[in-house]
Amino acid sequence: MADTTTGPVTTTGPVTAAAPVTREPATTKPVWRSHGRTRRSTRTVRVRTSAALVAVVALAVLVVPLLVPLDQQAVDLARKLQPPSLAHPFGTDDVGRDLLLRCVYGLRVSLLVGLVAALVATVIGTAVGAAAAAFGGWTDRIVMRLVDTFSSVPHLLLGIFIVAMFRPGVWPVIVSVALTHWLSTARIVRSEVLSLRARPYIDAAISGGASRRRVIRRHLLPGVMPQAGLAAVLMVPHAMWHESALSFLGLGLPSHQASLGNLVQTARGSLLAGDWWPTLFPGLFLIVPTLALAGLAGAWRERINPRRRSELML
């Protein structure tokens with residue numbers, strides 16, 4: 001019978017080290033890193049900077065003309081094309097007028113055209129888009145085909161045709177810009193009204209006996225006001241550039257009246273001669289307000305569309 005007792009095992013040979021145990025690498029899972037705080041701080045800085053620029057521009061165009069009147073037809077050839085200095089921070093133009101003062105007056109005209117034209121175009125576009133979507137059927141088809149027909153013509157070409165029928169001035173430019181910029185607002189409002197028509201509370205109002213006019217006035221129009229207001233804000237800088245383009249072509253304001261387009265147009269010869277300031281500063285007066293308004297409009301878009309804002313913050 002074999003002995004089954006076990007005792008301590010002793011080895012007399014050399015002990016070899018055990019092979020290292022290899023572990024399989026753990027599967028790496030995607031780590032979501034939220035940059036919401038960084039994005040919020042960046043957005044806050046952008047909004048505050050844009051608001052400060054808009055406030056400075058509004059203060060300048062309202063206060064400066066009251067404190068320093070400008071003679072639009074004054075000529076002082078002794079101070080012709082002087083570079084920027086303490087007496088003239090932006091220099092003088094080709095007939096000796098202070099360029100800073102003329103830029104402020106030109107910006108006032110451009111803002112007037114942009115604000116009034118954007119307001120008129122927004123009212124027209126909101127009315128047309130809301131009516132087309134609310135009535136639907138053949139009314140919607142006919143109205144939108146008319147919108148497509150007008151959209152096929154370039155804005156600037158149609159604006160030139162409208163301005164050419166009047167004498168140069170501010171109001172013909174406003175009419176031209178307003179009648180050529182309501183098309184995009186009409187499309188935006190129409191799509192928003194079509195979206196609102198599918199909401200349950202609209203069906204409840206119709207089932208409760210509300211007339212179509214009451215539904216439009218009490219439910220549809222208040223629902224599209226944020227989108228229409230955003231379209232109006234975005235239209236202001238576009239209208240300013242449109243006015244400047246018409247004035248640059250000689251079809252907007254009279255040549256002696258301060259306008260950013262007129263200032264750039266009269267500075268072309270000076271730029272070829274090496275005088276850069278008559279072109280640079282009117283261009284900056286046109287670009288900086290545009291960027292400021294675009295910054296505010298972007299913040300407004302994120303506020304009225306929280307889903308898009310949450311997607312951007314991931």
# chains A, B, ... in the order shown; residues from 1 in each chain; ligands from 1

$ select_by_dssp --residues "region 75-190 of chain A" --states "alpha helix (DSSP H)" --output "PyMOL selection string"
chain A and resi 99-135+137-151+155-163+170-180+183-190

$ residues_around --residues "Leu296 (chain A)" --least-positions-apart "2" --cutoff "9 Å" --atoms "only C-alpha atoms" --output "list of chain:residue names"
A:Arg46, A:Val47, A:Arg48, A:Ser50, A:Ala51, A:Val233, A:Leu291, A:Ala292, A:Leu293, A:Ala294, A:Gly298, A:Ala299, A:Trp300, A:Arg301

$ closest_atom_pairs --of "region 37-77 of chain A" --to "region 101-117 of chain A" --cutoff "12 Å" --atoms "only C-alpha atoms" --output "JSON lines"
{"residue": "A:Val54", "atom": "CA", "partner": "A:Leu111", "partner_atom": "CA", "distance": 11.1}
{"residue": "A:Val56", "atom": "CA", "partner": "A:Val104", "partner_atom": "CA", "distance": 11.3}
{"residue": "A:Val57", "atom": "CA", "partner": "A:Leu107", "partner_atom": "CA", "distance": 8.5}
{"residue": "A:Ala58", "atom": "CA", "partner": "A:Arg108", "partner_atom": "CA", "distance": 8.6}
{"residue": "A:Leu59", "atom": "CA", "partner": "A:Val104", "partner_atom": "CA", "distance": 10.5}
{"residue": "A:Ala60", "atom": "CA", "partner": "A:Val104", "partner_atom": "CA", "distance": 6.9}
{"residue": "A:Val61", "atom": "CA", "partner": "A:Arg108", "partner_atom": "CA", "distance": 5.2}
{"residue": "A:Leu62", "atom": "CA", "partner": "A:Arg108", "partner_atom": "CA", "distance": 8.0}
{"residue": "A:Val63", "atom": "CA", "partner": "A:Val104", "partner_atom": "CA", "distance": 10.1}
{"residue": "A:Val64", "atom": "CA", "partner": "A:Val104", "partner_atom": "CA", "distance": 7.6}
{"residue": "A:Pro65", "atom": "CA", "partner": "A:Tyr105", "partner_atom": "CA", "distance": 7.2}
{"residue": "A:Leu66", "atom": "CA", "partner": "A:Tyr105", "partner_atom": "CA", "distance": 11.0}
{"residue": "A:Leu67", "atom": "CA", "partner": "A:Leu101", "partner_atom": "CA", "distance": 11.0}
{"residue": "A:Val68", "atom": "CA", "partner": "A:Leu101", "partner_atom": "CA", "distance": 8.2}
{"residue": "A:Pro69", "atom": "CA", "partner": "A:Leu101", "partner_atom": "CA", "distance": 9.0}
{"residue": "A:Leu70", "atom": "CA", "partner": "A:Leu101", "partner_atom": "CA", "distance": 7.5}
{"residue": "A:Asp71", "atom": "CA", "partner": "A:Arg102", "partner_atom": "CA", "distance": 9.7}
{"residue": "A:Gln72", "atom": "CA", "partner": "A:Arg102", "partner_atom": "CA", "distance": 8.5}
{"residue": "A:Gln73", "atom": "CA", "partner": "A:Arg102", "partner_atom": "CA", "distance": 11.4}
{"residue": "A:Ala74", "atom": "CA", "partner": "A:Arg102", "partner_atom": "CA", "distance": 11.5}

$ write_last_selection --atoms "N, CA and C atoms" --output "CSV table (one decimal), in the first residue's frame"
chain,number,residue,atom,x,y,z
A,54,VAL,N,-21.7,98.4,-29.4
A,54,VAL,CA,-22.9,99.0,-29.9
A,54,VAL,C,-23.3,100.2,-29.1
A,56,VAL,N,-21.2,102.3,-27.6
A,56,VAL,CA,-20.3,103.3,-28.0
A,56,VAL,C,-20.7,103.9,-29.3
A,57,VAL,N,-21.1,103.1,-30.3
A,57,VAL,CA,-21.5,103.6,-31.6
A,57,VAL,C,-22.8,104.4,-31.4
A,58,ALA,N,-23.8,103.9,-30.6
A,58,ALA,CA,-25.0,104.6,-30.5
A,58,ALA,C,-24.8,106.0,-29.8
A,59,LEU,N,-23.9,106.0,-28.8
A,59,LEU,CA,-23.6,107.2,-28.1
A,59,LEU,C,-22.9,108.2,-29.0
A,60,ALA,N,-22.0,107.7,-29.9
A,60,ALA,CA,-21.3,108.6,-30.8
A,60,ALA,C,-22.3,109.3,-31.8
A,61,VAL,N,-23.1,108.5,-32.4
A,61,VAL,CA,-24.0,109.0,-33.4
A,61,VAL,C,-25.1,109.9,-32.9
A,62,LEU,N,-25.4,109.8,-31.6
A,62,LEU,CA,-26.4,110.6,-31.0
A,62,LEU,C,-25.8,111.9,-30.4
A,63,VAL,N,-24.7,111.8,-29.8
A,63,VAL,CA,-24.1,112.9,-29.0
A,63,VAL,C,-23.2,113.8,-29.9
A,64,VAL,N,-22.3,113.2,-30.7
A,64,VAL,CA,-21.4,114.0,-31.4
A,64,VAL,C,-22.0,115.0,-32.3
A,65,PRO,N,-23.1,114.7,-33.1
A,65,PRO,CA,-23.7,115.7,-34.0
A,65,PRO,C,-24.3,116.9,-33.2
A,66,LEU,N,-24.7,116.6,-31.9
A,66,LEU,CA,-25.2,117.7,-31.1
A,66,LEU,C,-24.2,118.6,-30.6
A,67,LEU,N,-23.0,118.1,-30.4
A,67,LEU,CA,-21.9,118.9,-29.8
A,67,LEU,C,-21.0,119.6,-30.9
A,68,VAL,N,-20.8,118.9,-32.0
A,68,VAL,CA,-19.9,119.4,-33.0
A,68,VAL,C,-20.7,119.4,-34.3
A,69,PRO,N,-21.3,120.5,-34.8
A,69,PRO,CA,-22.0,120.5,-36.0
A,69,PRO,C,-21.0,120.4,-37.2
A,70,LEU,N,-21.4,119.9,-38.3
A,70,LEU,CA,-20.6,119.7,-39.5
A,70,LEU,C,-21.2,120.4,-40.7
A,71,ASP,N,-20.3,121.2,-41.3
A,71,ASP,CA,-20.7,121.8,-42.6
A,71,ASP,C,-20.3,120.8,-43.7
A,72,GLN,N,-21.4,120.3,-44.3
A,72,GLN,CA,-21.1,119.2,-45.3
A,72,GLN,C,-20.4,119.7,-46.6
A,73,GLN,N,-20.4,121.0,-46.9
A,73,GLN,CA,-19.8,121.6,-48.1
A,73,GLN,C,-18.6,122.4,-47.8
A,74,ALA,N,-18.0,122.4,-46.5
A,74,ALA,CA,-16.9,123.2,-46.2
A,74,ALA,C,-15.6,122.6,-46.9

$ closest_residue --among "A:Arg190, A:Arg218, A:His238, A:Arg43" --to "Ala134 (chain A)" --atoms "only C-alpha atoms"
A:Arg190

$ residues_around --residues "Phe135 (chain A)" --least-positions-apart "4" --cutoff "12 Å" --atoms "only C-alpha atoms" --output "JSON list (two decimals) with N, CA and C atoms, in the first residue's frame"
[["chain", "number", "residue", "atom", "x", "y", "z"],
["A", 127, "ALA", "N", -45.61, 89.82, -42.31],
["A", 127, "ALA", "CA", -47.00, 89.76, -42.77],
["A", 127, "ALA", "C", -47.16, 88.78, -43.92],
["A", 128, "VAL", "N", -46.26, 88.82, -44.89],
["A", 128, "VAL", "CA", -46.37, 87.93, -46.05],
["A", 128, "VAL", "C", -46.16, 86.47, -45.65],
["A", 129, "GLY", "N", -45.12, 86.20, -44.86],
["A", 129, "GLY", "CA", -44.85, 84.82, -44.46],
["A", 129, "GLY", "C", -45.92, 84.24, -43.57],
["A", 130, "ALA", "N", -46.43, 85.03, -42.62],
["A", 130, "ALA", "CA", -47.48, 84.53, -41.74],
["A", 130, "ALA", "C", -48.78, 84.29, -42.51],
["A", 131, "ALA", "N", -49.11, 85.17, -43.44],
["A", 131, "ALA", "CA", -50.34, 84.97, -44.21],
["A", 131, "ALA", "C", -50.24, 83.75, -45.10],
["A", 139, "THR", "N", -53.08, 79.95, -51.73],
["A", 139, "THR", "CA", -52.49, 81.21, -51.28],
["A", 139, "THR", "C", -51.02, 81.06, -50.96],
["A", 140, "ASP", "N", -50.67, 80.00, -50.25],
["A", 140, "ASP", "CA", -49.27, 79.74, -49.92],
["A", 140, "ASP", "C", -48.45, 79.51, -51.18],
["A", 141, "ARG", "N", -48.98, 78.74, -52.11],
["A", 141, "ARG", "CA", -48.22, 78.45, -53.33],
["A", 141, "ARG", "C", -47.99, 79.71, -54.17],
["A", 142, "ILE", "N", -49.01, 80.53, -54.32],
["A", 142, "ILE", "CA", -48.85, 81.74, -55.14],
["A", 142, "ILE", "C", -47.88, 82.72, -54.48],
["A", 143, "VAL", "N", -48.04, 82.92, -53.18],
["A", 143, "VAL", "CA", -47.16, 83.88, -52.48],
["A", 143, "VAL", "C", -45.71, 83.43, -52.53],
["A", 190, "ARG", "N", -42.58, 82.03, -42.45],
["A", 190, "ARG", "CA", -43.45, 80.97, -42.98],
["A", 190, "ARG", "C", -43.08, 79.61, -42.40],
["A", 193, "VAL", "N", -44.23, 79.48, -38.76],
["A", 193, "VAL", "CA", -45.68, 79.35, -38.62],
["A", 193, "VAL", "C", -46.12, 77.93, -38.96],
["A", 194, "LEU", "N", -45.53, 77.33, -39.99],
["A", 194, "LEU", "CA", -45.86, 75.94, -40.32],
["A", 194, "LEU", "C", -45.50, 75.00, -39.17],
["A", 197, "ARG", "N", -48.18, 75.51, -36.42],
["A", 197, "ARG", "CA", -49.50, 74.95, -36.75],
["A", 197, "ARG", "C", -49.63, 73.50, -36.34],
["A", 211, "SER", "N", -61.55, 81.40, -34.40],
["A", 211, "SER", "CA", -61.48, 81.67, -35.83],
["A", 211, "SER", "C", -60.03, 81.70, -36.29],
["A", 212, "ARG", "N", -59.85, 81.64, -37.61],
["A", 212, "ARG", "CA", -58.50, 81.66, -38.16],
["A", 212, "ARG", "C", -57.80, 82.97, -37.85],
["A", 213, "ARG", "N", -58.54, 84.07, -37.90],
["A", 213, "ARG", "CA", -57.92, 85.37, -37.59],
["A", 213, "ARG", "C", -57.48, 85.43, -36.13],
["A", 215, "VAL", "N", -56.64, 82.87, -34.22],
["A", 215, "VAL", "CA", -55.48, 81.98, -34.05],
["A", 215, "VAL", "C", -54.22, 82.68, -34.54],
["A", 216, "ILE", "N", -54.32, 83.37, -35.66],
["A", 216, "ILE", "CA", -53.14, 84.08, -36.17],
["A", 216, "ILE", "C", -52.71, 85.18, -35.21],
["A", 220, "LEU", "N", -50.14, 82.54, -33.43],
["A", 220, "LEU", "CA", -49.09, 82.39, -34.43],
["A", 220, "LEU", "C", -48.14, 83.58, -34.44]]

$ closest_residue --among "A:Ile206, A:Leu263, A:Val147, A:Ile160" --to "Gly125 (chain A)" --atoms "only C-alpha atoms"
A:Val147

$ atom_distance --atom1 "CA of Arg97 (chain A)" --atom2 "CA of Leu77 (chain A)"
8.8 Å

$ closest_residue --among "A:Leu146, A:Leu53, A:Ala121, A:Leu156" --to "Ile287 (chain A)" --atoms "only C-alpha atoms"
A:Leu53

$ closest_residue --among "A:Val189, A:Leu81, A:Ala118, A:Leu100" --to "Gln227 (chain A)" --atoms "only C-alpha atoms"
A:Val189

$ atom_distance --atom1 "CA of Gln82 (chain A)" --atom2 "CA of Gly96 (chain A)"
7.6 Å

$ residues_around --residues "Ala273 (chain A)" --least-positions-apart "6" --cutoff "12 Å" --atoms "only C-alpha atoms" --output "PyMOL selection string"
chain A and resi 81+94+267+279

$ write_last_selection --atoms "C-alpha atoms" --output "compact mmCIF listing (two decimals), in the first residue's frame"
# COMPACT_ATOMS: atom_id res chain seq x y z
CA LEU A 81 -4.86 115.02 -46.72
CA ASP A 94 -8.98 115.38 -49.95
CA ALA A 267 -10.81 108.06 -51.11
CA THR A 279 -9.98 104.54 -46.87

$ residues_around --residues "Leu157 (chain A)" --least-positions-apart "6" --cutoff "12 Å" --atoms "only C-alpha atoms" --output "MDAnalysis selection string"
chainID A and resid 150:151 163:164 176:177 180 242 245:246 249 251

$ closest_residue --among "A:Val224, A:Ala204, A:Leu280, A:Val264" --to "Ala133 (chain A)" --atoms "only C-alpha atoms"
A:Val224
